[in-house]
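Novice: Just passing along the structure, written as structure tokens.
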Amino acid sequence: MTIGAQVQSAKTPSVQEQRVQELLAHDKASADMIITNAKIYGFDEADTIAIAAGKIVFVGHEDEVDEYHTSATEVIDIEQAFVMPGFIDNHNHVFEAASPAGSSCELNISAALTEQIAYLTACRKQATPNAWVLGYGFSLDAILNDANSTTPLAVIDSIFPDQPVIIMEQTSHSMWVNSVALKRAGITKDFPEPQGGKILKDEHGELNGILFDNAGDIVMEMAWNSLNDQFNQSYDGLMTGLAEAAAHGITTIGDGRIYWKRGWFEVWQQAEKDGDLTARVSLRPWIYPADAMAPQLAYLKKIQSSDKSRLLLINQAKMYSDGIFINGTAKTLAPYLETYIPDEPYGINYIAPKQMTTWLDKLNQIGYSAHIHAIGDGAVRESLNAIEYVRSLGSQQAYSLTHVELVDAKDVPRFAKLDVIADFQVGSDYVANHDHPWALPLLGSERTHAMMNLKPIFDSGANITLSSDWNVRDINPLVGIANSLNMGSTGLSNIDAAIDAYTINAAASLGISDITGSIKVGKSADLVILAQDITRLPINAIANTEILMTLLQGEVVFDADE
């Protein structure tokens with residue numbers, strides 16, 4: 001069935017506000033759109049929604065909507081389809097995930113070290129001479145396998161002896177570089193490791209071509225800023241990413257991070273200016289862990305905006321407390337059993353605990369909260385400690401910890417006590433199935449089985465959100481909702497809790513629950529229309545439910561029939 005008009009960009013905020021004032025002045029809301037013959041989440045007796053100036057002005061029965069109907073009103077009969085609040089993805093790398101920038105060389109994520117030679121050779125044939133080669137796709141355990149007779153550095157140098165190369169592993173926490181790239185970055189075997197980063201070496205103390213976490217980020221920034229036409233590539237990638245989000249019913253995004261020294265903020269600004277945004281987005285400027293605090297704060301203060309009439313909000317910073325378990329860089333309370341970095345048996349901090357308290361205090365003073373990457377139980381505790389400190393100073397900001405893959409039992413009640421949001425990504429089957437065999441040699445049985453446990457935090461009364469971390473995991477919110485229910489005793493207890501985690505709870509995390517996140521008169525008409533009522537489906541059928549239409553501020557930004 002055809003249930004909407006051609007996809008178009010959302011109205012600019014100034015037009016919307018003018019329209020709202022006109023409606024208030026005339027004391028009547030002439031609807032721009034009426035959605036009828038609908039099943040509406042949270043309204044058992046209602047079947048119709050009226051929208052004017054981008055806002056919901058009526059939710060009720062079709063018999064009562066006539067006063068909103070004019071000859072100019074578009075009426076859409078959705079034939080008993082299911083209307084929900086638009087999904088809010090609290091952690092999505094929409095800018096990077098679909099960008100052609102940084103992906104000129106694609107390897108095989110499952111290939112062994114020497115098997116990557118064929119892929120590297122193909123990249124060499126396509127590479128622009130003397131230019132940086134940026135690529136993607138390798139598995140850390142494969143190219144650092146003990147059975148390898150050579151090092152990653154030797155392999156990549158054999159194919160690329162004379163131009164700089166950097167290949168990103170899927171999580172973005174590991175980079176594979178060649179000797180030319182290392183030289184460009186000034187990295188030698190005696191180079192001091194940057195804060196939040198590790199430079200790996202072989203058994204002889206020589207560089208092996210693998211950089212962990214911030215050490216790799218620093219080199220990637222050099223490579224990214226060398227790209228020709230990077231603005232247009234980034235813009236095109238952003239449009240592709242936003243279209244993918246809209247196709248999955250996502251109307252609001254908490255951006256995973258903005259590397260603002262790579263020109264990313266200017267791309268977002270241009271998209272807003274051009275009217276090309278198809279989602280409301282909370283931009284989260286990256287805190288550079290090895291850089292001085294004062295100039296970063298000055299920049300963040302300059303771009304800060306809490307203006308909810310805009311589609312771009314800039315009032316949350318992205319901070320990393322630690323790295324990830326596979327690298328051995330997630331911060332733990334007890335030491336790793338096995339690790340690539342034996343000199344750091346508890347993992348590492350991007351931002352040390354004392355620095356984090358200072359950062360949070362200074363950020364609060366310029367109008368920022370923080371979305372903090374915290375994976376290990378050590379990082380979770382240290383982050384909660386820092387938030388506890390700024391709460392004692394009076395901060396009322398909405399703080400969130402994202403990933404939270406391992407939480408010590410003593411810290412579970414602190415989320416609710418400190419009003420800290422716990423943001424989980426469960427959009428992978430191995431998470432839903434508690435299948436973490438890779439973690440056993442690193443963490444042991446007890447800690448491995450304690451990973452990804454949403455229920456204790458949910459039961460404590462804390463705000464739980466679900467997000468995708470796209471493209472690390474599936475962008476589809478319905479996959480995350482279904483998986484959170486399939487997790488059984490470690491997941492969420494019911495479908496309503498799961499829906500809340502992808503809608504109103506996420507809105508609260510972004511500080512915008514007053515304008516979006518639920519279907520309510522006066523709120524923005526940010527809606528998703530699904531082919532079936534997911535609250536009545538078997539759990540295993542939820543993820544395959546078709547998205548028919550997505551609306552942002554009452555404008556159609558995705559129509560399955562277009």
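In the structure tokens, the first chain shown is A, the next is B, and so on; residue numbers restart at 1 for each chain, and ligands run from 1 in the order shown.
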Extract, using only C-alpha atoms, all DNA, RNA and protein residues at most 10 Å from stretch 61-71 of chain A, discarding same-chain residues fewer than 3 positions from it, and format them as an NGL selection string.

Specialist: :A and (28-38 or 45-52 or 57-58 or 74-75)

Novice: So that each row is one residue of stretch 151-249 of chain A with an atom at most 12 Å from stretch 262-265 of chain A, can you give its shortest atom pair and the distance in Å to one decimal, using only C-alpha atoms, rows by chain and rising number, as JSON lines?

Specialist:
{"residue": "A:Asp217", "atom": "CA", "partner": "A:Arg262", "partner_atom": "CA", "distance": 11.4}
{"residue": "A:Ile218", "atom": "CA", "partner": "A:Arg262", "partner_atom": "CA", "distance": 11.2}
{"residue": "A:Met220", "atom": "CA", "partner": "A:Arg262", "partner_atom": "CA", "distance": 9.9}
{"residue": "A:Glu221", "atom": "CA", "partner": "A:Arg262", "partner_atom": "CA", "distance": 6.7}
{"residue": "A:Met222", "atom": "CA", "partner": "A:Arg262", "partner_atom": "CA", "distance": 8.9}
{"residue": "A:Ala223", "atom": "CA", "partner": "A:Arg262", "partner_atom": "CA", "distance": 9.8}
{"residue": "A:Trp224", "atom": "CA", "partner": "A:Arg262", "partner_atom": "CA", "distance": 6.9}
{"residue": "A:Asn225", "atom": "CA", "partner": "A:Arg262", "partner_atom": "CA", "distance": 6.0}
{"residue": "A:Ser226", "atom": "CA", "partner": "A:Arg262", "partner_atom": "CA", "distance": 9.7}
{"residue": "A:Leu227", "atom": "CA", "partner": "A:Arg262", "partner_atom": "CA", "distance": 10.2}
{"residue": "A:Asp229", "atom": "CA", "partner": "A:Gly263", "partner_atom": "CA", "distance": 11.6}
{"residue": "A:Gln230", "atom": "CA", "partner": "A:Gly263", "partner_atom": "CA", "distance": 8.7}
{"residue": "A:Phe231", "atom": "CA", "partner": "A:Gly263", "partner_atom": "CA", "distance": 7.5}
{"residue": "A:Asn232", "atom": "CA", "partner": "A:Trp264", "partner_atom": "CA", "distance": 10.9}
{"residue": "A:Gln233", "atom": "CA", "partner": "A:Trp264", "partner_atom": "CA", "distance": 11.0}
{"residue": "A:Ser234", "atom": "CA", "partner": "A:Trp264", "partner_atom": "CA", "distance": 7.6}
{"residue": "A:Tyr235", "atom": "CA", "partner": "A:Trp264", "partner_atom": "CA", "distance": 9.0}
{"residue": "A:Gly237", "atom": "CA", "partner": "A:Trp264", "partner_atom": "CA", "distance": 11.3}
{"residue": "A:Leu238", "atom": "CA", "partner": "A:Trp264", "partner_atom": "CA", "distance": 9.9}

Novice: How would the residues just chosen look if you wrote them out with all heavy atoms as a short mmCIF file (atom, residue, chain, number, x, y, z; two decimals), in the first residue's frame?

Specialist:
data_model
loop_
_atom_site.label_atom_id
_atom_site.label_comp_id
_atom_site.auth_asym_id
_atom_site.auth_seq_id
_atom_site.Cartn_x
_atom_site.Cartn_y
_atom_site.Cartn_z
N ASP A 217 44.45 6.25 17.16
CA ASP A 217 43.63 7.42 16.83
C ASP A 217 44.48 8.58 16.33
O ASP A 217 44.10 9.30 15.41
CB ASP A 217 42.84 7.88 18.07
CG ASP A 217 41.77 6.90 18.49
OD1 ASP A 217 41.32 6.10 17.64
OD2 ASP A 217 41.37 6.93 19.67
N ILE A 218 45.64 8.77 16.97
CA ILE A 218 46.51 9.88 16.59
C ILE A 218 47.00 9.74 15.15
O ILE A 218 47.02 10.70 14.38
CB ILE A 218 47.70 9.96 17.58
CG1 ILE A 218 47.19 10.43 18.96
CG2 ILE A 218 48.77 10.90 17.06
CD1 ILE A 218 48.22 10.30 20.07
N MET A 220 45.51 7.86 12.80
CA MET A 220 44.35 7.95 11.93
C MET A 220 43.96 9.40 11.66
O MET A 220 43.53 9.75 10.55
CB MET A 220 43.17 7.19 12.53
CG MET A 220 41.89 7.24 11.70
SD MET A 220 42.06 6.62 10.01
CE MET A 220 41.92 4.85 10.28
N GLU A 221 44.12 10.27 12.65
CA GLU A 221 43.79 11.67 12.44
C GLU A 221 44.69 12.29 11.38
O GLU A 221 44.25 13.07 10.52
CB GLU A 221 43.89 12.44 13.76
CG GLU A 221 43.34 13.84 13.66
CD GLU A 221 42.48 14.20 14.85
OE1 GLU A 221 41.41 13.59 15.03
OE2 GLU A 221 42.88 15.08 15.60
N MET A 222 45.99 11.96 11.43
CA MET A 222 46.91 12.43 10.39
C MET A 222 46.46 11.95 9.01
O MET A 222 46.45 12.72 8.05
CB MET A 222 48.33 11.91 10.67
CG MET A 222 49.00 12.45 11.89
SD MET A 222 50.65 11.72 12.08
CE MET A 222 51.41 12.19 10.53
N ALA A 223 46.11 10.66 8.95
CA ALA A 223 45.72 10.08 7.66
C ALA A 223 44.43 10.71 7.14
O ALA A 223 44.33 11.08 5.97
CB ALA A 223 45.56 8.57 7.81
N TRP A 224 43.44 10.85 8.02
CA TRP A 224 42.15 11.40 7.61
C TRP A 224 42.31 12.83 7.07
O TRP A 224 41.72 13.19 6.04
CB TRP A 224 41.18 11.39 8.79
CG TRP A 224 39.77 11.71 8.42
CD1 TRP A 224 39.26 12.95 8.12
CD2 TRP A 224 38.68 10.79 8.26
NE1 TRP A 224 37.93 12.86 7.81
CE2 TRP A 224 37.55 11.54 7.88
CE3 TRP A 224 38.56 9.41 8.41
CZ2 TRP A 224 36.30 10.96 7.66
CZ3 TRP A 224 37.31 8.83 8.19
CH2 TRP A 224 36.21 9.59 7.82
N ASN A 225 43.11 13.62 7.77
CA ASN A 225 43.26 15.01 7.38
C ASN A 225 44.10 15.18 6.11
O ASN A 225 44.22 16.30 5.60
CB ASN A 225 43.85 15.82 8.53
CG ASN A 225 42.84 16.07 9.63
OD1 ASN A 225 41.64 16.09 9.39
ND2 ASN A 225 43.31 16.24 10.85
N SER A 226 44.67 14.08 5.62
CA SER A 226 45.41 14.14 4.35
C SER A 226 44.51 13.88 3.14
O SER A 226 44.94 14.06 2.00
CB SER A 226 46.52 13.08 4.36
OG SER A 226 45.99 11.77 4.15
N LEU A 227 43.29 13.43 3.39
CA LEU A 227 42.42 13.02 2.29
C LEU A 227 42.04 14.18 1.38
O LEU A 227 41.75 15.29 1.84
CB LEU A 227 41.13 12.39 2.84
CG LEU A 227 41.25 11.06 3.58
CD1 LEU A 227 39.92 10.70 4.23
CD2 LEU A 227 41.70 9.95 2.63
N ASP A 229 39.35 15.96 -0.94
CA ASP A 229 37.89 16.05 -1.03
C ASP A 229 37.21 15.39 0.17
O ASP A 229 36.14 14.82 0.04
CB ASP A 229 37.41 15.38 -2.33
CG ASP A 229 36.00 15.79 -2.71
OD1 ASP A 229 35.60 16.93 -2.41
OD2 ASP A 229 35.28 14.96 -3.30
N GLN A 230 37.83 15.51 1.33
CA GLN A 230 37.27 14.82 2.49
C GLN A 230 35.92 15.40 2.91
O GLN A 230 35.06 14.66 3.39
CB GLN A 230 38.24 14.84 3.68
CG GLN A 230 38.55 16.19 4.27
CD GLN A 230 39.16 16.07 5.66
OE1 GLN A 230 38.46 15.84 6.64
NE2 GLN A 230 40.47 16.23 5.74
N PHE A 231 35.70 16.71 2.71
CA PHE A 231 34.41 17.29 3.10
C PHE A 231 33.28 16.64 2.32
O PHE A 231 32.27 16.21 2.90
CB PHE A 231 34.42 18.81 2.88
CG PHE A 231 33.14 19.48 3.34
CD1 PHE A 231 33.07 20.01 4.62
CD2 PHE A 231 32.03 19.57 2.52
CE1 PHE A 231 31.90 20.63 5.07
CE2 PHE A 231 30.86 20.18 2.95
CZ PHE A 231 30.80 20.71 4.22
N ASN A 232 33.41 16.58 1.01
CA ASN A 232 32.34 16.01 0.19
C ASN A 232 32.17 14.52 0.44
O ASN A 232 31.03 14.01 0.45
CB ASN A 232 32.63 16.26 -1.29
CG ASN A 232 32.45 17.72 -1.66
OD1 ASN A 232 31.61 18.42 -1.11
ND2 ASN A 232 33.25 18.20 -2.61
N GLN A 233 33.28 13.80 0.65
CA GLN A 233 33.17 12.38 0.97
C GLN A 233 32.43 12.19 2.30
O GLN A 233 31.57 11.31 2.43
CB GLN A 233 34.55 11.74 1.06
CG GLN A 233 35.28 11.56 -0.26
CD GLN A 233 36.53 10.74 -0.09
OE1 GLN A 233 36.49 9.55 0.23
NE2 GLN A 233 37.67 11.38 -0.30
N SER A 234 32.77 13.03 3.26
CA SER A 234 32.11 12.94 4.57
C SER A 234 30.64 13.30 4.47
O SER A 234 29.78 12.65 5.10
CB SER A 234 32.81 13.85 5.58
OG SER A 234 34.13 13.40 5.84
N TYR A 235 30.34 14.32 3.68
CA TYR A 235 28.94 14.74 3.52
C TYR A 235 28.12 13.62 2.88
O TYR A 235 27.02 13.28 3.35
CB TYR A 235 28.86 16.00 2.67
CG TYR A 235 27.56 16.76 2.80
CD1 TYR A 235 27.48 17.88 3.62
CD2 TYR A 235 26.41 16.37 2.11
CE1 TYR A 235 26.29 18.59 3.75
CE2 TYR A 235 25.22 17.07 2.23
CZ TYR A 235 25.17 18.18 3.06
OH TYR A 235 23.99 18.86 3.20
N GLY A 237 28.78 10.46 2.89
CA GLY A 237 28.66 9.36 3.85
C GLY A 237 27.62 9.64 4.91
O GLY A 237 26.85 8.75 5.31
N LEU A 238 27.56 10.89 5.37
CA LEU A 238 26.55 11.28 6.36
C LEU A 238 25.15 11.12 5.79
O LEU A 238 24.25 10.60 6.47
CB LEU A 238 26.78 12.71 6.81
CG LEU A 238 25.74 13.31 7.76
CD1 LEU A 238 25.59 12.48 9.01
CD2 LEU A 238 26.09 14.76 8.10
#

Novice: Provide the atom CA of A:Glu266 to atom CA of A:Asn90 distance in Å, to one decimal place.

Specialist: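 Taking atom CA of A:Glu266 as the start and atom CA of A:Asn90 as the end point, the length is 21.6 Å.
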
Novice: Find the spatial neighbours of A:Val431, counting only C-alpha atoms, within a cut-off of 10 Å - ignore same-chain residues fewer than 6 positions away - and output them as number ranges by chain.

Specialist: A: 425, 451-453, 483-484, 486-487

Novice: Can you tell me, as a short mmCIF file (atom, residue, chain, number, x, y, z; two decimals) with all heavy atoms, in the first residue's frame, what residues are no more than 9 Å from stretch 122-131 of chain A when counting only C-alpha atoms, ignoring any on the same chain fewer than 6 positions away?

Specialist:
data_model
loop_
_atom_site.label_atom_id
_atom_site.label_comp_id
_atom_site.auth_asym_id
_atom_site.auth_seq_id
_atom_site.Cartn_x
_atom_site.Cartn_y
_atom_site.Cartn_z
N SER A 104 39.26 3.10 1.51
CA SER A 104 39.73 2.82 0.15
C SER A 104 40.35 1.43 0.03
O SER A 104 40.62 0.97 -1.08
CB SER A 104 40.76 3.87 -0.27
OG SER A 104 41.89 3.86 0.60
N CYS A 105 40.56 0.78 1.16
CA CYS A 105 41.18 -0.56 1.16
C CYS A 105 40.42 -1.45 2.13
O CYS A 105 40.43 -1.21 3.33
CB CYS A 105 42.65 -0.44 1.57
SG CYS A 105 43.50 -2.01 1.81
N GLU A 106 39.76 -2.47 1.61
CA GLU A 106 38.98 -3.37 2.46
C GLU A 106 39.64 -4.74 2.51
O GLU A 106 39.84 -5.39 1.49
CB GLU A 106 37.56 -3.50 1.94
CG GLU A 106 36.67 -4.32 2.87
CD GLU A 106 35.21 -4.32 2.46
OE1 GLU A 106 34.84 -3.52 1.58
OE2 GLU A 106 34.44 -5.12 3.02
N LEU A 107 39.98 -5.17 3.73
CA LEU A 107 40.58 -6.48 3.93
C LEU A 107 39.48 -7.49 4.29
O LEU A 107 38.30 -7.18 4.26
CB LEU A 107 41.63 -6.41 5.03
CG LEU A 107 42.78 -5.41 4.84
CD1 LEU A 107 43.86 -5.62 5.89
CD2 LEU A 107 43.36 -5.46 3.45
N ILE A 159 54.18 -5.17 1.09
CA ILE A 159 53.26 -4.74 0.03
C ILE A 159 53.31 -3.23 -0.15
O ILE A 159 53.21 -2.72 -1.27
CB ILE A 159 51.81 -5.19 0.35
CG1 ILE A 159 51.77 -6.68 0.69
CG2 ILE A 159 50.89 -4.86 -0.81
CD1 ILE A 159 52.25 -7.59 -0.41
N PHE A 160 53.45 -2.52 0.93
CA PHE A 160 53.48 -1.05 0.89
C PHE A 160 54.80 -0.54 1.51
O PHE A 160 54.83 -0.11 2.66
CB PHE A 160 52.31 -0.47 1.68
CG PHE A 160 50.96 -0.65 1.03
CD1 PHE A 160 50.13 -1.69 1.39
CD2 PHE A 160 50.53 0.25 0.06
CE1 PHE A 160 48.88 -1.84 0.80
CE2 PHE A 160 49.28 0.10 -0.54
CZ PHE A 160 48.46 -0.94 -0.17
N ASP A 162 56.55 2.09 0.46
CA ASP A 162 56.90 3.47 0.16
C ASP A 162 55.76 4.48 0.30
O ASP A 162 55.91 5.63 -0.10
CB ASP A 162 57.47 3.55 -1.25
CG ASP A 162 56.54 2.91 -2.29
OD1 ASP A 162 55.41 2.53 -1.92
OD2 ASP A 162 56.96 2.79 -3.45
N GLN A 163 54.61 4.07 0.83
CA GLN A 163 53.56 5.03 1.11
C GLN A 163 52.84 4.64 2.39
O GLN A 163 52.77 3.46 2.74
CB GLN A 163 52.58 5.15 -0.05
CG GLN A 163 51.70 3.95 -0.29
CD GLN A 163 50.82 4.11 -1.53
OE1 GLN A 163 50.99 3.41 -2.51
NE2 GLN A 163 49.85 5.04 -1.47
N PRO A 164 52.31 5.64 3.12
CA PRO A 164 51.73 5.35 4.44
C PRO A 164 50.39 4.63 4.34
O PRO A 164 49.56 4.95 3.50
CB PRO A 164 51.56 6.74 5.05
CG PRO A 164 51.43 7.66 3.88
CD PRO A 164 52.28 7.08 2.79
N VAL A 165 50.22 3.64 5.23
CA VAL A 165 48.99 2.85 5.26
C VAL A 165 48.51 2.72 6.70
O VAL A 165 49.31 2.49 7.62
CB VAL A 165 49.22 1.43 4.68
CG1 VAL A 165 47.91 0.63 4.69
CG2 VAL A 165 49.80 1.49 3.28
N SER A 226 44.67 14.08 5.62
CA SER A 226 45.41 14.14 4.35
C SER A 226 44.51 13.88 3.14
O SER A 226 44.94 14.06 2.00
CB SER A 226 46.52 13.08 4.36
OG SER A 226 45.99 11.77 4.15
N LEU A 227 43.29 13.43 3.39
CA LEU A 227 42.42 13.02 2.29
C LEU A 227 42.04 14.18 1.38
O LEU A 227 41.75 15.29 1.84
CB LEU A 227 41.13 12.39 2.84
CG LEU A 227 41.25 11.06 3.58
CD1 LEU A 227 39.92 10.70 4.23
CD2 LEU A 227 41.70 9.95 2.63
#

Novice: Counting only C-alpha atoms, which residues of stretch 269-326 of chain A sit at most 12 Å from some atom of stretch 349-360 of chain A, and what is each one's closest atom pair with its distance in Å to one decimal, listed by chain and rising residue number, as JSON lines?

Specialist:
{"residue": "A:Trp286", "atom": "CA", "partner": "A:Tyr350", "partner_atom": "CA", "distance": 11.8}
{"residue": "A:Ile287", "atom": "CA", "partner": "A:Ile351", "partner_atom": "CA", "distance": 9.0}
{"residue": "A:Tyr288", "atom": "CA", "partner": "A:Tyr350", "partner_atom": "CA", "distance": 8.8}
{"residue": "A:Pro289", "atom": "CA", "partner": "A:Ile351", "partner_atom": "CA", "distance": 5.8}
{"residue": "A:Ala290", "atom": "CA", "partner": "A:Tyr350", "partner_atom": "CA", "distance": 8.3}
{"residue": "A:Asp291", "atom": "CA", "partner": "A:Ile351", "partner_atom": "CA", "distance": 10.8}
{"residue": "A:Ala292", "atom": "CA", "partner": "A:Trp359", "partner_atom": "CA", "distance": 11.1}
{"residue": "A:Met293", "atom": "CA", "partner": "A:Trp359", "partner_atom": "CA", "distance": 7.9}
{"residue": "A:Ala294", "atom": "CA", "partner": "A:Trp359", "partner_atom": "CA", "distance": 10.2}
{"residue": "A:Gln296", "atom": "CA", "partner": "A:Trp359", "partner_atom": "CA", "distance": 10.4}
{"residue": "A:Leu297", "atom": "CA", "partner": "A:Trp359", "partner_atom": "CA", "distance": 9.0}
{"residue": "A:Gln316", "atom": "CA", "partner": "A:Leu360", "partner_atom": "CA", "distance": 10.6}
{"residue": "A:Ala317", "atom": "CA", "partner": "A:Leu360", "partner_atom": "CA", "distance": 9.4}
{"residue": "A:Lys318", "atom": "CA", "partner": "A:Leu360", "partner_atom": "CA", "distance": 10.9}
{"residue": "A:Met319", "atom": "CA", "partner": "A:Ile351", "partner_atom": "CA", "distance": 7.7}
{"residue": "A:Tyr320", "atom": "CA", "partner": "A:Tyr350", "partner_atom": "CA", "distance": 5.7}
{"residue": "A:Ser321", "atom": "CA", "partner": "A:Tyr350", "partner_atom": "CA", "distance": 5.3}
{"residue": "A:Asp322", "atom": "CA", "partner": "A:Asn349", "partner_atom": "CA", "distance": 4.6}
{"residue": "A:Gly323", "atom": "CA", "partner": "A:Asn349", "partner_atom": "CA", "distance": 7.3}
{"residue": "A:Ile324", "atom": "CA", "partner": "A:Asn349", "partner_atom": "CA", "distance": 10.6}

Novice: My list of candidates is A:Val281, A:Leu443, A:Leu530, A:Val390. Which is closest to A:His93 when distances are computed with only C-alpha atoms?

Specialist: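 Answer, going by the shortest atom-to-atom distance: A:Val281.
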
Novice: Quick one: of A:Thr332, A:Asn108, A:Thr448, A:Ser99, who's nearest to A:Asp236, counting only C-alpha atoms?

Specialist: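 The answer is A:Ser99, which sits nearest to A:Asp236.
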
Novice: Give the answer as one residue: which of A:Ile504, A:Ala98, A:Ala531, A:Leu120 has the shortest atom-to-atom distance to A:Ile78, using only C-alpha atoms?

Specialist: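 Of A:Ile504, A:Ala98, A:Ala531, A:Leu120, the one nearest A:Ile78 is A:Ala531, counting only C-alpha atoms.
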
Novice: If we count only C-alpha atoms, what is near A:Ser172 at a cut-off of 9 Å, once residues fewer than 4 positions away on the same chain are taken out, given as an mmCIF file with all heavy atoms, in the first residue's frame?

Specialist:
data_model
loop_
_atom_site.group_PDB
_atom_site.id
_atom_site.type_symbol
_atom_site.label_atom_id
_atom_site.label_comp_id
_atom_site.auth_asym_id
_atom_site.auth_seq_id
_atom_site.Cartn_x
_atom_site.Cartn_y
_atom_site.Cartn_z
ATOM 1 N N MET A 168 42.003 -0.002 9.897
ATOM 2 C CA MET A 168 41.264 0.003 11.155
ATOM 3 C C MET A 168 40.560 -1.324 11.379
ATOM 4 O O MET A 168 39.927 -1.851 10.462
ATOM 5 C CB MET A 168 40.241 1.131 11.157
ATOM 6 C CG MET A 168 39.500 1.303 12.476
ATOM 7 S SD MET A 168 38.436 2.778 12.493
ATOM 8 C CE MET A 168 37.139 2.283 11.370
ATOM 9 N N ASP A 213 44.121 1.735 20.604
ATOM 10 C CA ASP A 213 43.356 2.839 21.166
ATOM 11 C C ASP A 213 43.927 4.195 20.751
ATOM 12 O O ASP A 213 44.125 4.426 19.567
ATOM 13 C CB ASP A 213 43.228 2.646 22.679
ATOM 14 C CG ASP A 213 42.386 1.417 22.998
ATOM 15 O OD1 ASP A 213 41.160 1.552 23.013
ATOM 16 O OD2 ASP A 213 42.947 0.318 23.172
ATOM 17 N N GLY A 216 46.571 4.625 18.009
ATOM 18 C CA GLY A 216 46.063 4.490 16.656
ATOM 19 C C GLY A 216 45.231 5.681 16.225
ATOM 20 O O GLY A 216 45.273 6.104 15.061
ATOM 21 N N ASP A 217 44.453 6.249 17.158
ATOM 22 C CA ASP A 217 43.629 7.420 16.831
ATOM 23 C C ASP A 217 44.482 8.580 16.334
ATOM 24 O O ASP A 217 44.102 9.302 15.407
ATOM 25 C CB ASP A 217 42.845 7.875 18.068
ATOM 26 C CG ASP A 217 41.765 6.897 18.487
ATOM 27 O OD1 ASP A 217 41.319 6.104 17.639
ATOM 28 O OD2 ASP A 217 41.374 6.929 19.670
ATOM 29 N N VAL A 472 29.379 -1.127 14.397
ATOM 30 C CA VAL A 472 29.923 -2.272 15.134
ATOM 31 C C VAL A 472 28.854 -3.349 15.261
ATOM 32 O O VAL A 472 29.136 -4.547 15.167
ATOM 33 C CB VAL A 472 30.426 -1.842 16.523
ATOM 34 C CG1 VAL A 472 30.907 -3.043 17.328
ATOM 35 C CG2 VAL A 472 31.556 -0.819 16.376
#

Novice: Assign secondary structure with DSSP using the backbone only, and return the residues of stretch 218-423 of chain A in strand (DSSP E) as an MDAnalysis selection string.

Specialist: chainID A and resid 250:255 280:282 312:313 316:320 369:374 399:403 420:423

Novice: Could you save those same residues with C-alpha atoms as a PDB file, in the first residue's frame?

Specialist:
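This went into out-v4.pdb:
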ATOM      1  CA  ILE A 250      15.261   6.204  13.847  1.00  0.00           C
ATOM      2  CA  THR A 251      14.283   9.834  14.333  1.00  0.00           C
ATOM      3  CA  THR A 252      16.857  10.887  16.933  1.00  0.00           C
ATOM      4  CA  ILE A 253      20.520   9.926  17.190  1.00  0.00           C
ATOM      5  CA  GLY A 254      23.051  10.278  19.964  1.00  0.00           C
ATOM      6  CA  ASP A 255      26.179  10.528  17.840  1.00  0.00           C
ATOM      7  CA  ARG A 280      17.442  15.067  15.357  1.00  0.00           C
ATOM      8  CA  VAL A 281      21.053  14.576  16.444  1.00  0.00           C
ATOM      9  CA  SER A 282      22.916  15.116  19.684  1.00  0.00           C
ATOM     10  CA  LEU A 312      21.423  19.675  16.159  1.00  0.00           C
ATOM     11  CA  LEU A 313      22.138  19.717  19.883  1.00  0.00           C
ATOM     12  CA  GLN A 316      27.178  16.404  25.574  1.00  0.00           C
ATOM     13  CA  ALA A 317      30.862  15.512  25.281  1.00  0.00           C
ATOM     14  CA  LYS A 318      32.145  12.050  24.414  1.00  0.00           C
ATOM     15  CA  MET A 319      34.780  10.743  26.815  1.00  0.00           C
ATOM     16  CA  TYR A 320      36.569   7.430  26.950  1.00  0.00           C
ATOM     17  CA  SER A 369      27.094  16.635  30.215  1.00  0.00           C
ATOM     18  CA  ALA A 370      29.124  13.583  29.180  1.00  0.00           C
ATOM     19  CA  HIS A 371      28.519  10.274  27.451  1.00  0.00           C
ATOM     20  CA  ILE A 372      31.307   8.096  28.841  1.00  0.00           C
ATOM     21  CA  HIS A 373      32.693   4.946  27.238  1.00  0.00           C
ATOM     22  CA  ALA A 374      33.182   2.533  30.153  1.00  0.00           C
ATOM     23  CA  TYR A 399      25.375  11.590  32.502  1.00  0.00           C
ATOM     24  CA  SER A 400      25.483   8.252  30.727  1.00  0.00           C
ATOM     25  CA  LEU A 401      27.896   5.339  30.720  1.00  0.00           C
ATOM     26  CA  THR A 402      27.875   3.444  27.458  1.00  0.00           C
ATOM     27  CA  HIS A 403      28.769  -0.219  26.796  1.00  0.00           C
ATOM     28  CA  VAL A 420      23.370   7.834  35.724  1.00  0.00           C
ATOM     29  CA  ILE A 421      22.037   6.268  32.535  1.00  0.00           C
ATOM     30  CA  ALA A 422      23.334   2.823  31.551  1.00  0.00           C
ATOM     31  CA  ASP A 423      23.470   2.508  27.757  1.00  0.00           C
TER      32      ASP A 423
END

Novice: Measuring atom to atom with only C-alpha atoms, identify which of A:Pro161, A:Gly522, A:Gly367, A:Pro345 is nearest to A:Gln553.

Specialist: A:Gly522

Novice: Which of these residues is nearest to A:Arg310, using only C-alpha atoms: A:Ala334, A:Ile512, A:Ala541, A:Leu527?

Specialist: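 Under the stated criterion, the closest residue is A:Ile512.
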
Novice: Of the candidates A:Leu363, A:Val426, A:Ala112, A:Val94, which one gets nearest to A:Gly256 if we count only C-alpha atoms?

Specialist: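 Checking each of A:Leu363, A:Val426, A:Ala112, A:Val94 against A:Gly256, counting only C-alpha atoms, the winner is A:Val94.
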
Novice: Enter the distance from atom CA of A:Lys273 to atom CA of A:Met239, in Å, rounded to one decimal.

Specialist: 13.7 Å

Novice: Just asking: which residues within stretch 310-527 of chain A are alpha helix (DSSP H) according to DSSP, as JSON, numbers by chain?

Specialist: {"A": [353, 354, 355, 356, 357, 358, 359, 360, 361, 362, 363, 364, 365, 377, 378, 379, 380, 381, 382, 383, 384, 385, 386, 387, 388, 389, 390, 391, 392, 412, 413, 414, 415, 416, 417, 429, 430, 431, 432, 440, 441, 442, 443, 444, 445, 446, 447, 448, 449, 455, 456, 457, 458, 459, 477, 478, 479, 480, 481, 482, 483, 484, 485, 486, 495, 496, 497, 498, 499, 500, 501, 504, 505, 506, 507, 508, 509]}
